[in-house]
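Chemist: This is the content of entry.cif (mmCIF, C-alpha atoms and all ligand atoms):
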```cif
data_start
loop_
_atom_site.group_PDB
_atom_site.id
_atom_site.type_symbol
_atom_site.label_atom_id
_atom_site.label_comp_id
_atom_site.auth_asym_id
_atom_site.auth_seq_id
_atom_site.Cartn_x
_atom_site.Cartn_y
_atom_site.Cartn_z
ATOM 1 C CA MET A 302 6.811 -14.174 -7.483
ATOM 2 C CA LYS A 303 5.951 -10.590 -6.593
ATOM 3 C CA ALA A 304 7.424 -9.680 -3.219
ATOM 4 C CA LEU A 305 5.101 -8.554 -0.438
ATOM 5 C CA ASN A 306 5.052 -4.803 0.113
ATOM 6 C CA ALA A 307 5.815 -4.964 3.824
ATOM 7 C CA ASP A 308 6.784 -1.890 5.837
ATOM 8 C CA LEU A 309 7.717 -2.831 9.375
ATOM 9 C CA HIS A 310 8.866 0.423 10.941
ATOM 10 C CA CYS A 311 7.072 3.764 11.241
ATOM 11 C CA HIS A 312 5.928 6.353 13.778
ATOM 12 C CA SER A 313 2.678 8.058 14.734
ATOM 13 C CA THR A 314 1.869 11.082 16.915
ATOM 14 C CA VAL A 315 2.010 8.693 19.870
ATOM 15 C CA SER A 316 5.807 9.092 19.661
ATOM 16 C CA ASP A 317 7.486 11.502 17.222
ATOM 17 C CA GLY A 318 5.507 10.973 14.018
ATOM 18 C CA LEU A 319 3.311 13.620 12.427
ATOM 19 C CA LEU A 320 0.238 11.491 11.606
ATOM 20 C CA SER A 321 -2.253 9.868 13.959
ATOM 21 C CA PRO A 322 -2.139 6.047 14.035
ATOM 22 C CA SER A 323 -5.296 5.970 11.969
ATOM 23 C CA ASP A 324 -4.066 8.437 9.298
ATOM 24 C CA LEU A 325 -0.763 6.593 9.109
ATOM 25 C CA VAL A 326 -2.489 3.273 8.405
ATOM 26 C CA GLN A 327 -4.660 4.915 5.744
ATOM 27 C CA ARG A 328 -1.610 6.442 4.071
ATOM 28 C CA ALA A 329 0.142 3.057 4.086
ATOM 29 C CA LYS A 330 -2.851 1.484 2.396
ATOM 30 C CA ASP A 331 -2.993 4.295 -0.198
ATOM 31 C CA ASN A 332 0.722 3.764 -0.894
ATOM 32 C CA GLY A 333 0.188 0.076 -1.639
ATOM 33 C CA VAL A 334 1.567 -1.350 1.614
ATOM 34 C CA GLU A 335 0.306 -4.906 2.197
ATOM 35 C CA LEU A 336 1.686 -5.520 5.684
ATOM 36 C CA LEU A 337 2.362 -2.738 8.180
ATOM 37 C CA ALA A 338 3.894 -2.568 11.652
ATOM 38 C CA LEU A 339 3.569 0.559 13.784
ATOM 39 C CA THR A 340 6.734 0.913 15.876
ATOM 40 C CA ASP A 341 6.471 4.016 18.037
ATOM 41 C CA HIS A 342 9.461 4.851 20.234
ATOM 42 C CA ASP A 343 9.108 3.200 23.666
ATOM 43 C CA GLU A 344 5.281 3.362 23.396
ATOM 44 C CA LEU A 345 2.466 0.935 22.628
ATOM 45 C CA GLY A 346 -0.329 3.516 22.940
ATOM 46 C CA GLY A 347 -1.101 3.762 19.209
ATOM 47 C CA LEU A 348 -1.433 0.065 18.426
ATOM 48 C CA ALA A 349 -5.121 -0.402 19.231
ATOM 49 C CA GLU A 350 -6.215 2.510 17.026
ATOM 50 C CA ALA A 351 -3.884 1.470 14.208
ATOM 51 C CA ARG A 352 -5.053 -2.137 14.319
ATOM 52 C CA SER A 353 -8.704 -1.208 14.298
ATOM 53 C CA THR A 354 -8.261 1.098 11.276
ATOM 54 C CA ALA A 355 -6.176 -1.578 9.535
ATOM 55 C CA GLU A 356 -8.969 -4.120 10.058
ATOM 56 C CA GLU A 357 -11.566 -1.672 8.761
ATOM 57 C CA ILE A 358 -9.714 -0.928 5.528
ATOM 58 C CA GLY A 359 -8.298 -4.415 4.987
ATOM 59 C CA LEU A 360 -4.581 -3.929 5.678
ATOM 60 C CA ARG A 361 -2.616 -6.650 7.451
ATOM 61 C CA PHE A 362 -1.080 -5.282 10.634
ATOM 62 C CA VAL A 363 1.616 -6.293 13.137
ATOM 63 C CA ASP A 364 2.041 -4.805 16.618
ATOM 64 C CA GLY A 365 5.483 -3.271 17.011
ATOM 65 C CA VAL A 366 7.658 -0.997 19.112
ATOM 66 C CA GLU A 367 11.081 0.662 18.762
ATOM 67 C CA ILE A 368 13.042 0.522 22.009
ATOM 68 C CA SER A 369 15.853 2.965 22.803
ATOM 69 C CA ILE A 370 18.877 1.311 24.380
ATOM 70 C CA SER A 371 22.262 2.581 25.530
ATOM 71 C CA TRP A 372 25.242 0.814 24.082
ATOM 72 C CA GLY A 373 29.006 1.144 24.624
ATOM 73 C CA ASP A 374 30.347 4.617 25.138
ATOM 74 C CA ASP A 375 27.155 6.721 25.226
ATOM 75 C CA GLN A 376 25.740 5.384 21.974
ATOM 76 C CA THR A 377 22.004 5.045 21.495
ATOM 77 C CA VAL A 378 20.869 2.042 19.493
ATOM 78 C CA HIS A 379 17.286 1.244 18.507
ATOM 79 C CA ILE A 380 15.814 -2.245 18.685
ATOM 80 C CA VAL A 381 12.507 -2.899 16.950
ATOM 81 C CA GLY A 382 10.178 -5.540 18.396
ATOM 82 C CA LEU A 383 7.704 -7.071 15.949
ATOM 83 C CA GLY A 384 4.675 -9.228 16.680
ATOM 84 C CA ILE A 385 4.769 -8.411 20.382
ATOM 85 C CA ASP A 386 1.874 -8.986 22.749
ATOM 86 C CA SER A 387 1.119 -5.375 23.658
ATOM 87 C CA ALA A 388 -0.514 -6.439 26.933
ATOM 88 C CA ASN A 389 2.597 -8.219 28.225
ATOM 89 C CA ALA A 390 3.213 -6.844 31.737
ATOM 90 C CA ALA A 391 7.032 -6.950 31.662
ATOM 91 C CA LEU A 392 7.123 -5.167 28.300
ATOM 92 C CA VAL A 393 4.560 -2.556 29.352
ATOM 93 C CA GLY A 394 6.356 -1.928 32.673
ATOM 94 C CA GLY A 395 9.793 -1.861 31.040
ATOM 95 C CA LEU A 396 8.738 0.712 28.450
ATOM 96 C CA GLU A 397 7.169 2.844 31.157
ATOM 97 C CA LYS A 398 10.552 2.918 32.867
ATOM 98 C CA VAL A 399 12.353 3.816 29.618
ATOM 99 C CA ARG A 400 9.928 6.684 28.984
ATOM 100 C CA SER A 401 10.093 8.034 32.518
ATOM 101 C CA GLY A 402 13.519 9.629 32.033
ATOM 102 C CA ARG A 403 12.456 11.630 28.982
ATOM 103 C CA ASP A 404 10.912 14.580 30.776
ATOM 104 C CA ALA A 405 13.960 15.304 32.944
ATOM 105 C CA ARG A 406 16.189 14.877 29.890
ATOM 106 C CA ALA A 407 14.052 17.384 27.990
ATOM 107 C CA GLY A 408 14.494 19.875 30.821
ATOM 108 C CA ARG A 409 18.272 19.466 30.632
ATOM 109 C CA MET A 410 18.214 19.843 26.848
ATOM 110 C CA ALA A 411 16.221 23.063 27.157
ATOM 111 C CA ALA A 412 18.696 24.433 29.712
ATOM 112 C CA GLU A 413 21.616 23.741 27.365
ATOM 113 C CA LEU A 414 19.797 25.261 24.393
ATOM 114 C CA ASP A 415 18.953 28.330 26.437
ATOM 115 C CA LYS A 416 22.678 28.946 26.969
ATOM 116 C CA VAL A 417 23.224 29.141 23.209
ATOM 117 C CA GLY A 418 20.331 31.485 22.566
ATOM 118 C CA ILE A 419 17.442 29.119 21.907
ATOM 119 C CA HIS A 420 14.877 30.093 24.507
ATOM 120 C CA GLY A 421 11.657 28.464 25.613
ATOM 121 C CA ALA A 422 12.532 25.147 23.995
ATOM 122 C CA TYR A 423 10.883 22.919 26.597
ATOM 123 C CA GLU A 424 7.506 24.671 26.329
ATOM 124 C CA GLY A 425 7.953 24.971 22.575
ATOM 125 C CA ALA A 426 8.710 21.281 22.144
ATOM 126 C CA LEU A 427 5.742 20.375 24.348
ATOM 127 C CA ARG A 428 3.408 22.102 21.899
ATOM 128 C CA HIS A 429 4.401 19.449 19.341
ATOM 129 C CA VAL A 430 3.991 16.497 21.678
ATOM 130 C CA GLY A 431 1.023 14.195 21.200
ATOM 131 C CA ASN A 432 -1.114 12.226 23.587
ATOM 132 C CA PRO A 433 0.075 10.051 25.343
ATOM 133 C CA ALA A 434 2.877 12.522 25.946
ATOM 134 C CA LEU A 435 6.317 11.301 24.920
ATOM 135 C CA ILE A 436 8.836 14.087 24.452
ATOM 136 C CA SER A 437 11.704 13.476 22.033
ATOM 137 C CA ARG A 438 14.392 15.362 20.177
ATOM 138 C CA SER A 439 12.101 15.460 17.148
ATOM 139 C CA HIS A 440 9.669 17.686 19.054
ATOM 140 C CA PHE A 441 12.521 20.031 19.962
ATOM 141 C CA ALA A 442 13.650 20.002 16.344
ATOM 142 C CA ARG A 443 10.228 21.107 15.121
ATOM 143 C CA TYR A 444 10.150 23.997 17.587
ATOM 144 C CA ILE A 445 13.713 25.092 16.759
ATOM 145 C CA ALA A 446 13.028 24.994 13.005
ATOM 146 C CA GLU A 447 9.795 26.921 13.507
ATOM 147 C CA GLN A 448 11.770 29.609 15.369
ATOM 148 C CA GLY A 449 13.983 30.029 12.303
ATOM 149 C CA HIS A 450 17.234 28.762 13.845
ATOM 150 C CA ALA A 451 17.728 26.292 10.978
ATOM 151 C CA LYS A 452 16.115 25.708 7.615
ATOM 152 C CA ASP A 453 14.493 22.367 8.410
ATOM 153 C CA VAL A 454 14.255 19.636 11.000
ATOM 154 C CA LYS A 455 17.197 17.715 9.539
ATOM 155 C CA SER A 456 19.554 20.677 9.840
ATOM 156 C CA VAL A 457 18.339 21.361 13.372
ATOM 157 C CA PHE A 458 19.767 17.938 14.252
ATOM 158 C CA ASP A 459 23.020 18.707 12.457
ATOM 159 C CA HIS A 460 23.467 22.038 14.250
ATOM 160 C CA TRP A 461 21.854 21.609 17.645
ATOM 161 C CA LEU A 462 20.672 18.147 18.594
ATOM 162 C CA ALA A 463 23.044 15.463 17.307
ATOM 163 C CA LYS A 464 25.661 14.009 19.623
ATOM 164 C CA GLY A 465 28.353 16.618 20.307
ATOM 165 C CA LYS A 466 26.039 19.559 19.538
ATOM 166 C CA PRO A 467 24.906 22.097 22.179
ATOM 167 C CA GLY A 468 21.428 20.650 22.816
ATOM 168 C CA TYR A 469 22.573 17.040 23.096
ATOM 169 C CA VAL A 470 22.651 15.616 26.613
ATOM 170 C CA GLU A 471 23.737 12.145 27.611
ATOM 171 C CA HIS A 472 20.990 9.822 28.696
ATOM 172 C CA SER A 473 20.708 6.320 30.033
ATOM 173 C CA TRP A 474 18.145 4.219 28.120
ATOM 174 C CA ALA A 475 17.353 0.517 28.531
ATOM 175 C CA THR A 476 20.070 -2.133 28.205
ATOM 176 C CA LEU A 477 20.215 -4.428 25.184
ATOM 177 C CA ASP A 478 19.587 -7.349 27.503
ATOM 178 C CA ASP A 479 16.411 -5.719 28.886
ATOM 179 C CA ALA A 480 15.048 -4.850 25.457
ATOM 180 C CA LEU A 481 15.591 -8.393 24.180
ATOM 181 C CA ASN A 482 14.037 -9.943 27.278
ATOM 182 C CA TRP A 483 10.983 -7.704 26.983
ATOM 183 C CA ILE A 484 10.515 -8.383 23.275
ATOM 184 C CA ASN A 485 11.162 -12.123 23.454
ATOM 185 C CA GLY A 486 9.087 -12.424 26.629
ATOM 186 C CA ALA A 487 6.192 -10.781 24.796
ATOM 187 C CA GLY A 488 6.455 -13.320 21.965
ATOM 188 C CA GLY A 489 8.018 -10.860 19.518
ATOM 189 C CA ILE A 490 10.982 -10.847 17.165
ATOM 190 C CA ALA A 491 13.780 -8.372 17.904
ATOM 191 C CA VAL A 492 15.357 -6.536 14.973
ATOM 192 C CA VAL A 493 18.297 -4.086 14.880
ATOM 193 C CA ALA A 494 16.850 -0.828 13.530
ATOM 194 C CA HIS A 495 18.655 1.232 10.843
ATOM 195 C CA PRO A 496 22.051 -0.443 11.373
ATOM 196 C CA GLY A 497 23.831 2.169 9.245
ATOM 197 C CA ARG A 498 22.964 5.078 11.517
ATOM 198 C CA TYR A 499 25.187 4.325 14.507
ATOM 199 C CA ARG A 500 28.546 5.943 14.928
ATOM 200 C CA LEU A 501 30.388 2.660 15.358
ATOM 201 C CA SER A 502 33.487 1.270 13.689
ATOM 202 C CA LYS A 503 33.084 -1.889 11.643
ATOM 203 C CA ALA A 504 34.483 -3.961 14.506
ATOM 204 C CA GLU A 505 32.182 -2.309 17.041
ATOM 205 C CA ARG A 506 29.182 -2.877 14.806
ATOM 206 C CA HIS A 507 30.148 -6.527 14.463
ATOM 207 C CA GLN A 508 30.322 -6.754 18.236
ATOM 208 C CA LEU A 509 26.831 -5.253 18.515
ATOM 209 C CA PHE A 510 25.431 -7.858 16.102
ATOM 210 C CA ALA A 511 27.225 -10.713 17.862
ATOM 211 C CA THR A 512 25.960 -9.679 21.305
ATOM 212 C CA PHE A 513 22.484 -9.047 19.925
ATOM 213 C CA LYS A 514 22.376 -12.568 18.518
ATOM 214 C CA GLU A 515 23.821 -14.125 21.651
ATOM 215 C CA LEU A 516 21.115 -12.458 23.754
ATOM 216 C CA GLY A 517 18.288 -13.681 21.540
ATOM 217 C CA GLY A 518 18.010 -11.068 18.766
ATOM 218 C CA ARG A 519 16.860 -12.427 15.418
ATOM 219 C CA GLY A 520 16.643 -9.775 12.741
ATOM 220 C CA ILE A 521 18.174 -6.760 11.071
ATOM 221 C CA GLU A 522 16.767 -3.975 8.917
ATOM 222 C CA VAL A 523 18.508 -4.766 5.654
ATOM 223 C CA LEU A 524 16.300 -2.194 3.960
ATOM 224 C CA SER A 525 15.876 0.988 5.942
ATOM 225 C CA GLY A 526 14.687 4.350 4.680
ATOM 226 C CA SER A 527 18.121 5.755 5.445
ATOM 227 C CA ASN A 528 20.234 2.899 4.012
ATOM 228 C CA LYS A 529 22.293 3.635 0.912
ATOM 229 C CA ASP A 530 22.837 0.893 -1.751
ATOM 230 C CA GLU A 531 26.245 0.018 -0.377
ATOM 231 C CA GLU A 532 24.730 -0.355 3.104
ATOM 232 C CA VAL A 533 22.003 -2.627 1.761
ATOM 233 C CA ARG A 534 24.741 -4.889 0.376
ATOM 234 C CA GLU A 535 26.644 -4.716 3.643
ATOM 235 C CA TYR A 536 23.635 -5.570 5.826
ATOM 236 C CA SER A 537 22.585 -8.332 3.448
ATOM 237 C CA ARG A 538 26.034 -9.826 4.038
ATOM 238 C CA ILE A 539 25.599 -9.416 7.775
ATOM 239 C CA ALA A 540 22.173 -11.127 7.626
ATOM 240 C CA ARG A 541 23.763 -14.103 5.825
ATOM 241 C CA GLU A 542 26.754 -14.247 8.156
ATOM 242 C CA PHE A 543 24.693 -14.167 11.362
ATOM 243 C CA GLY A 544 21.630 -15.969 10.037
ATOM 244 C CA PHE A 545 19.447 -12.933 10.722
ATOM 245 C CA LEU A 546 15.936 -12.485 9.385
ATOM 246 C CA ALA A 547 15.714 -9.471 7.072
ATOM 247 C CA SER A 548 13.348 -6.559 7.586
ATOM 248 C CA ARG A 549 12.060 -3.861 5.245
ATOM 249 C CA ALA A 550 11.507 -0.625 7.088
ATOM 250 C CA SER A 551 10.832 2.944 5.955
ATOM 251 C CA ASP A 552 11.111 4.545 9.435
ATOM 252 C CA PHE A 553 8.518 7.011 8.146
ATOM 253 C CA HIS A 554 7.788 9.910 10.526
ATOM 254 C CA GLY A 555 5.604 12.132 8.388
ATOM 255 C CA PRO A 556 5.269 13.902 5.058
ATOM 256 C CA GLY A 557 8.277 16.154 4.472
ATOM 257 C CA GLU A 558 10.240 14.777 7.418
ATOM 258 C CA SER A 559 11.326 11.384 6.226
ATOM 259 C CA TRP A 560 13.858 9.723 3.973
ATOM 260 C CA ILE A 561 11.149 7.904 2.092
ATOM 261 C CA ASP A 562 7.398 7.427 2.219
ATOM 262 C CA LEU A 563 5.585 4.367 3.580
ATOM 263 C CA GLY A 564 6.141 1.242 1.493
ATOM 264 C CA LYS A 565 8.467 2.944 -1.015
ATOM 265 C CA LEU A 566 11.384 0.572 -0.581
ATOM 266 C CA PRO A 567 13.101 -1.820 -2.985
ATOM 267 C CA ASP A 568 12.601 -5.573 -2.622
ATOM 268 C CA LEU A 569 14.838 -7.601 -0.312
ATOM 269 C CA PRO A 570 17.550 -9.688 -1.976
ATOM 270 C CA GLU A 571 15.848 -12.964 -2.862
ATOM 271 C CA ASP A 572 18.074 -15.278 -0.851
ATOM 272 C CA LEU A 573 17.329 -13.550 2.485
ATOM 273 C CA ILE A 574 14.566 -14.774 4.784
ATOM 274 C CA PRO A 575 12.029 -11.977 5.310
ATOM 275 C CA VAL A 576 11.202 -11.402 8.964
ATOM 276 C CA TRP A 577 7.494 -11.470 8.096
ATOM 277 C CA SER A 578 7.772 -15.152 7.153
ATOM 278 C CA GLN A 579 8.076 -15.748 10.914
ATOM 279 C CA LEU A 580 5.277 -13.408 11.996
ATOM 280 C CA ILE A 581 1.649 -14.288 12.514
ATOM 281 C CA PHE A 582 -0.683 -11.727 10.992
HETATM 282 P P1 LIG B 1 15.167 10.762 20.934
HETATM 283 O O1 LIG B 1 14.600 9.378 21.080
HETATM 284 O O2 LIG B 1 14.411 11.769 21.747
HETATM 285 O O3 LIG B 1 16.641 10.831 21.145
HETATM 286 O O4 LIG B 1 14.883 11.207 19.428
HETATM 287 C C1 LIG B 1 15.400 10.429 18.400
HETATM 288 C C2 LIG B 1 14.651 10.742 17.127
HETATM 289 O O5 LIG B 1 15.157 11.909 16.540
HETATM 290 C C3 LIG B 1 14.855 9.662 16.082
HETATM 291 O O6 LIG B 1 13.941 8.625 16.240
HETATM 292 C C4 LIG B 1 14.606 10.415 14.807
HETATM 293 O O7 LIG B 1 13.223 10.498 14.562
HETATM 294 C C5 LIG B 1 15.104 11.801 15.123
HETATM 295 N N1 LIG B 1 16.480 12.025 14.615
HETATM 296 C C6 LIG B 1 17.638 11.652 15.186
HETATM 297 N N2 LIG B 1 18.690 12.066 14.430
HETATM 298 C C7 LIG B 1 18.161 12.712 13.365
HETATM 299 C C8 LIG B 1 18.715 13.370 12.229
HETATM 300 N N3 LIG B 1 20.033 13.464 12.057
HETATM 301 N N4 LIG B 1 17.852 13.899 11.333
HETATM 302 C C9 LIG B 1 16.525 13.840 11.516
HETATM 303 N N5 LIG B 1 15.942 13.224 12.566
HETATM 304 C C10 LIG B 1 16.751 12.675 13.476
HETATM 305 MN MN MN B 2 11.915 9.041 15.655
HETATM 306 MN MN MN B 3 15.260 4.799 15.288
HETATM 307 MN MN MN B 4 12.140 4.774 13.979
#
```
Mind turning this structure into structure tokens?
Ligand code: AMP
Ligand code: MN
Ligand code: MN
Ligand code: MN
Modeler:
Amino acid sequence: MKALNADLHCHSTVSDGLLSPSDLVQRAKDNGVELLALTDHDELGGLAEARSTAEEIGLRFVDGVEISISWGDDQTVHIVGLGIDSANAALVGGLEKVRSGRDARAGRMAAELDKVGIHGAYEGALRHVGNPALISRSHFARYIAEQGHAKDVKSVFDHWLAKGKPGYVEHSWATLDDALNWINGAGGIAVVAHPGRYRLSKAERHQLFATFKELGGRGIEVLSGSNKDEEVREYSRIAREFGFLASRASDFHGPGESWIDLGKLPDLPEDLIPVWSQLIF
């Protein structure tokens, strides 16, 4: 049987994507996506527009979010919530709290960047921020690249914004427990986003998955835009070991800024249970 072309992780201008919710949905449809979730960082503001466009053009759509959490020794981990009720008060209030620290963090980032010769970064990043206004490292990266300090957004991260680089500042996000309570409380399914992108040892990663499961997490992105073949095998094994549902997730941010385009992922290994089998859409 032909597998469903599901893409359950992407970003619009409501967080750090380059396309409006509506343009993103249209692009997904044009790319052959059959089921899409919009998962902006810590924001639900794009879901209504995305859903209405999806209904208009006949694309099945799931409400999603990607929540930033702090884990262990100043690690940031991302938890995707799928099939959430976007009107759920605890979720809405929780995300508001997560977002509220971003502006002060951006000010601190700009101060650090100023010391190493990158001036005006706060104002510059703000010019890239959408509406509602959520300021992220991606917006800084676009400004810094535009100023010619690095050849593209990716290398801006490598030189200036990744952990340990001059523009990186520590920040306290939500806890894993909070994120899972918000997602589960809003009727959603929690999924570990891009499991290969955390700087964790194998044992630490295992601990993350174990705690995630214990606290009510149910899925893992076996296929992520940034996962290499070996990682796909590894996270398939993890899904089997922990009994996790498997997700398929481009993490698309925009043309020219992403690992892969919407829907352009391989199929999941056949023995895994796709997370969308448990979603109502
Ligand atoms: P923030 O939530 O403000 O810390 O921003 C995190 C976002 O920055 C991620 O969601 C990615 O979109 C982007 N990002 C992080 N690391 C990289 C990287 N190495 N290359 C490109 N984009 C990155
Ligand atoms: Mn992002
Ligand atoms: Mn992420
Ligand atoms: Mn993402």
Chemist: Which residues of chain A have any atom within 7 Å of an atom in ligand MN 2 (chain B) when counting all atoms listed in the file, and what is the closest pair of atoms for each, with the distance in Å to one decimal? Order the rows by chain and rising number and write it as a Markdown table.
Modeler:
```
| residue | atom | partner | partner_atom | distance |
| --- | --- | --- | --- | --- |
| A:His312 | CA | B:MN2 | MN | 6.8 |
| A:Asp317 | CA | B:MN2 | MN | 5.3 |
| A:Gly318 | CA | B:MN2 | MN | 6.9 |
| A:His342 | CA | B:MN2 | MN | 6.7 |
| A:Ser439 | CA | B:MN2 | MN | 6.6 |
| A:His554 | CA | B:MN2 | MN | 6.6 |
```
Chemist: Take the selection from the previous step and output its residues with C-alpha atoms, as a CSV table (one decimal), in the coordinates of the input.
Modeler:
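For reference, part-v7.csv as written:
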```
chain,number,residue,atom,x,y,z
A,312,HIS,CA,5.9,6.4,13.8
A,317,ASP,CA,7.5,11.5,17.2
A,318,GLY,CA,5.5,11.0,14.0
A,342,HIS,CA,9.5,4.9,20.2
A,439,SER,CA,12.1,15.5,17.1
A,554,HIS,CA,7.8,9.9,10.5
```
Chemist: Please list as number ranges by chain every residue within 7 Å of segment 515-529 of chain A, counting all atoms listed in the file and excluding residues in the same chain fewer than 6 positions away.
Modeler: A: 478, 481, 490-497, 536-537, 540, 545-552, 560-561, 576
Chemist: Might you spell out which residues the PyMOL selection byres (((chain A and resi 483) around 12) and not hetatm) would select in the displayed file, as a PyMOL selection string?
Modeler: chain A and resi 343+366-368+380-383+385-397+399+475-482+484-491+516-518
Chemist: Under the rule that only C-alpha atoms and all ligand atoms are counted, which of A:Ala351, A:Leu336, A:Ala412, A:Ala446 is the nearest residue to ligand LIG 1 (chain B)?
Modeler: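 With only C-alpha atoms and all ligand atoms as the atom set, the closest residue is A:Ala446.
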Chemist: Taking all atoms of segment 409-416 of chain A that the file lists, what box with edges along x, y and z, padded by 4 Å per side, do you get, with centre and edge lengths in Å to one decimal, as lines of an AutoDock Vina configuration file?
Modeler:
```
center_x = 19.4
center_y = 24.2
center_z = 27.5
size_x = 14.5
size_y = 17.5
size_z = 14.2
```
Chemist: Starting from the displayed file, determine the output of the PyMOL selection byres (((chain A and resi 571) around 12) and not hetatm) and express the residue list as a CSV table (one decimal) with C-alpha atoms, in the frame of the given file.
Modeler:
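Final output, saved to result14.csv:
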```
chain,number,residue,atom,x,y,z
A,302,MET,CA,6.8,-14.2,-7.5
A,303,LYS,CA,6.0,-10.6,-6.6
A,304,ALA,CA,7.4,-9.7,-3.2
A,305,LEU,CA,5.1,-8.6,-0.4
A,537,SER,CA,22.6,-8.3,3.4
A,541,ARG,CA,23.8,-14.1,5.8
A,547,ALA,CA,15.7,-9.5,7.1
A,567,PRO,CA,13.1,-1.8,-3.0
A,568,ASP,CA,12.6,-5.6,-2.6
A,569,LEU,CA,14.8,-7.6,-0.3
A,570,PRO,CA,17.6,-9.7,-2.0
A,572,ASP,CA,18.1,-15.3,-0.9
A,573,LEU,CA,17.3,-13.6,2.5
A,574,ILE,CA,14.6,-14.8,4.8
A,575,PRO,CA,12.0,-12.0,5.3
```
Chemist: Give me the residues within 12 Å of segment 414-419 of chain A as a list in words, counting only C-alpha atoms and dropping any in the same chain fewer than 5 places off.
Modeler: Ala407, Gly408, Arg409, Glu424, Gly425, Ala426, Phe441, Ala442, Tyr444, Ile445, Ala446, Glu447, Gln448, Gly449, His450, Ala451, Val457, His460, Trp461, Leu462, Lys466, Pro467, Gly468, Tyr469 and Val470 of chain A
Chemist: Output C-alpha atoms of each residue in that selection to a file, as a short mmCIF file (atom, residue, chain, number, x, y, z; two decimals), in the frame of the given file.
Modeler:
```cif
data_model
loop_
_atom_site.label_atom_id
_atom_site.label_comp_id
_atom_site.auth_asym_id
_atom_site.auth_seq_id
_atom_site.Cartn_x
_atom_site.Cartn_y
_atom_site.Cartn_z
CA ALA A 407 14.05 17.38 27.99
CA GLY A 408 14.49 19.88 30.82
CA ARG A 409 18.27 19.47 30.63
CA GLU A 424 7.51 24.67 26.33
CA GLY A 425 7.95 24.97 22.58
CA ALA A 426 8.71 21.28 22.14
CA PHE A 441 12.52 20.03 19.96
CA ALA A 442 13.65 20.00 16.34
CA TYR A 444 10.15 24.00 17.59
CA ILE A 445 13.71 25.09 16.76
CA ALA A 446 13.03 24.99 13.00
CA GLU A 447 9.80 26.92 13.51
CA GLN A 448 11.77 29.61 15.37
CA GLY A 449 13.98 30.03 12.30
CA HIS A 450 17.23 28.76 13.84
CA ALA A 451 17.73 26.29 10.98
CA VAL A 457 18.34 21.36 13.37
CA HIS A 460 23.47 22.04 14.25
CA TRP A 461 21.85 21.61 17.64
CA LEU A 462 20.67 18.15 18.59
CA LYS A 466 26.04 19.56 19.54
CA PRO A 467 24.91 22.10 22.18
CA GLY A 468 21.43 20.65 22.82
CA TYR A 469 22.57 17.04 23.10
CA VAL A 470 22.65 15.62 26.61
#
```
Chemist: Would you mind listing the residues within 6 Å of ligand LIG 1 (chain B), counting only C-alpha atoms and all ligand atoms, as JSON, numbers by chain?
Modeler: {"A": [437, 438, 439, 455, 458]}
Chemist: Kindly resolve the PyMOL selection byres (((chain A and resi 322) around 7) and not hetatm) on the present coordinates and return the residues as a PDB file with C-alpha atoms, keeping the file's coordinate frame.
Modeler:
```
ATOM      1  CA  SER A 313       2.678   8.058  14.734  1.00  0.00           C
ATOM      2  CA  LEU A 320       0.238  11.491  11.606  1.00  0.00           C
ATOM      3  CA  SER A 321      -2.253   9.868  13.959  1.00  0.00           C
ATOM      4  CA  SER A 323      -5.296   5.970  11.969  1.00  0.00           C
ATOM      5  CA  ASP A 324      -4.066   8.437   9.298  1.00  0.00           C
ATOM      6  CA  LEU A 325      -0.763   6.593   9.109  1.00  0.00           C
ATOM      7  CA  VAL A 326      -2.489   3.273   8.405  1.00  0.00           C
ATOM      8  CA  GLY A 347      -1.101   3.762  19.209  1.00  0.00           C
ATOM      9  CA  GLU A 350      -6.215   2.510  17.026  1.00  0.00           C
ATOM     10  CA  ALA A 351      -3.884   1.470  14.208  1.00  0.00           C
TER      11      ALA A 351
END
```
Chemist: N, CA, C and O atoms for segment 395-400 of chain A, written as a CSV table (one decimal), in the frame of the given file, could you do that?
Modeler:
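Output file selection-v8.csv is given in full below:
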```
chain,number,residue,atom,x,y,z
A,395,GLY,N,8.4,-2.2,31.5
A,395,GLY,CA,9.8,-1.9,31.0
A,395,GLY,C,9.8,-0.6,30.2
A,395,GLY,O,10.6,0.3,30.4
A,396,LEU,N,8.8,-0.5,29.3
A,396,LEU,CA,8.7,0.7,28.4
A,396,LEU,C,8.4,1.9,29.3
A,396,LEU,O,8.9,3.0,29.0
A,397,GLU,N,7.5,1.7,30.3
A,397,GLU,CA,7.2,2.8,31.2
A,397,GLU,C,8.4,3.4,31.8
A,397,GLU,O,8.6,4.6,31.9
A,398,LYS,N,9.3,2.5,32.2
A,398,LYS,CA,10.6,2.9,32.9
A,398,LYS,C,11.4,3.7,31.9
A,398,LYS,O,12.0,4.7,32.2
A,399,VAL,N,11.5,3.2,30.6
A,399,VAL,CA,12.4,3.8,29.6
A,399,VAL,C,11.8,5.2,29.4
A,399,VAL,O,12.6,6.2,29.2
A,400,ARG,N,10.5,5.4,29.3
A,400,ARG,CA,9.9,6.7,29.0
A,400,ARG,C,10.1,7.7,30.1
A,400,ARG,O,10.2,8.9,29.9
```
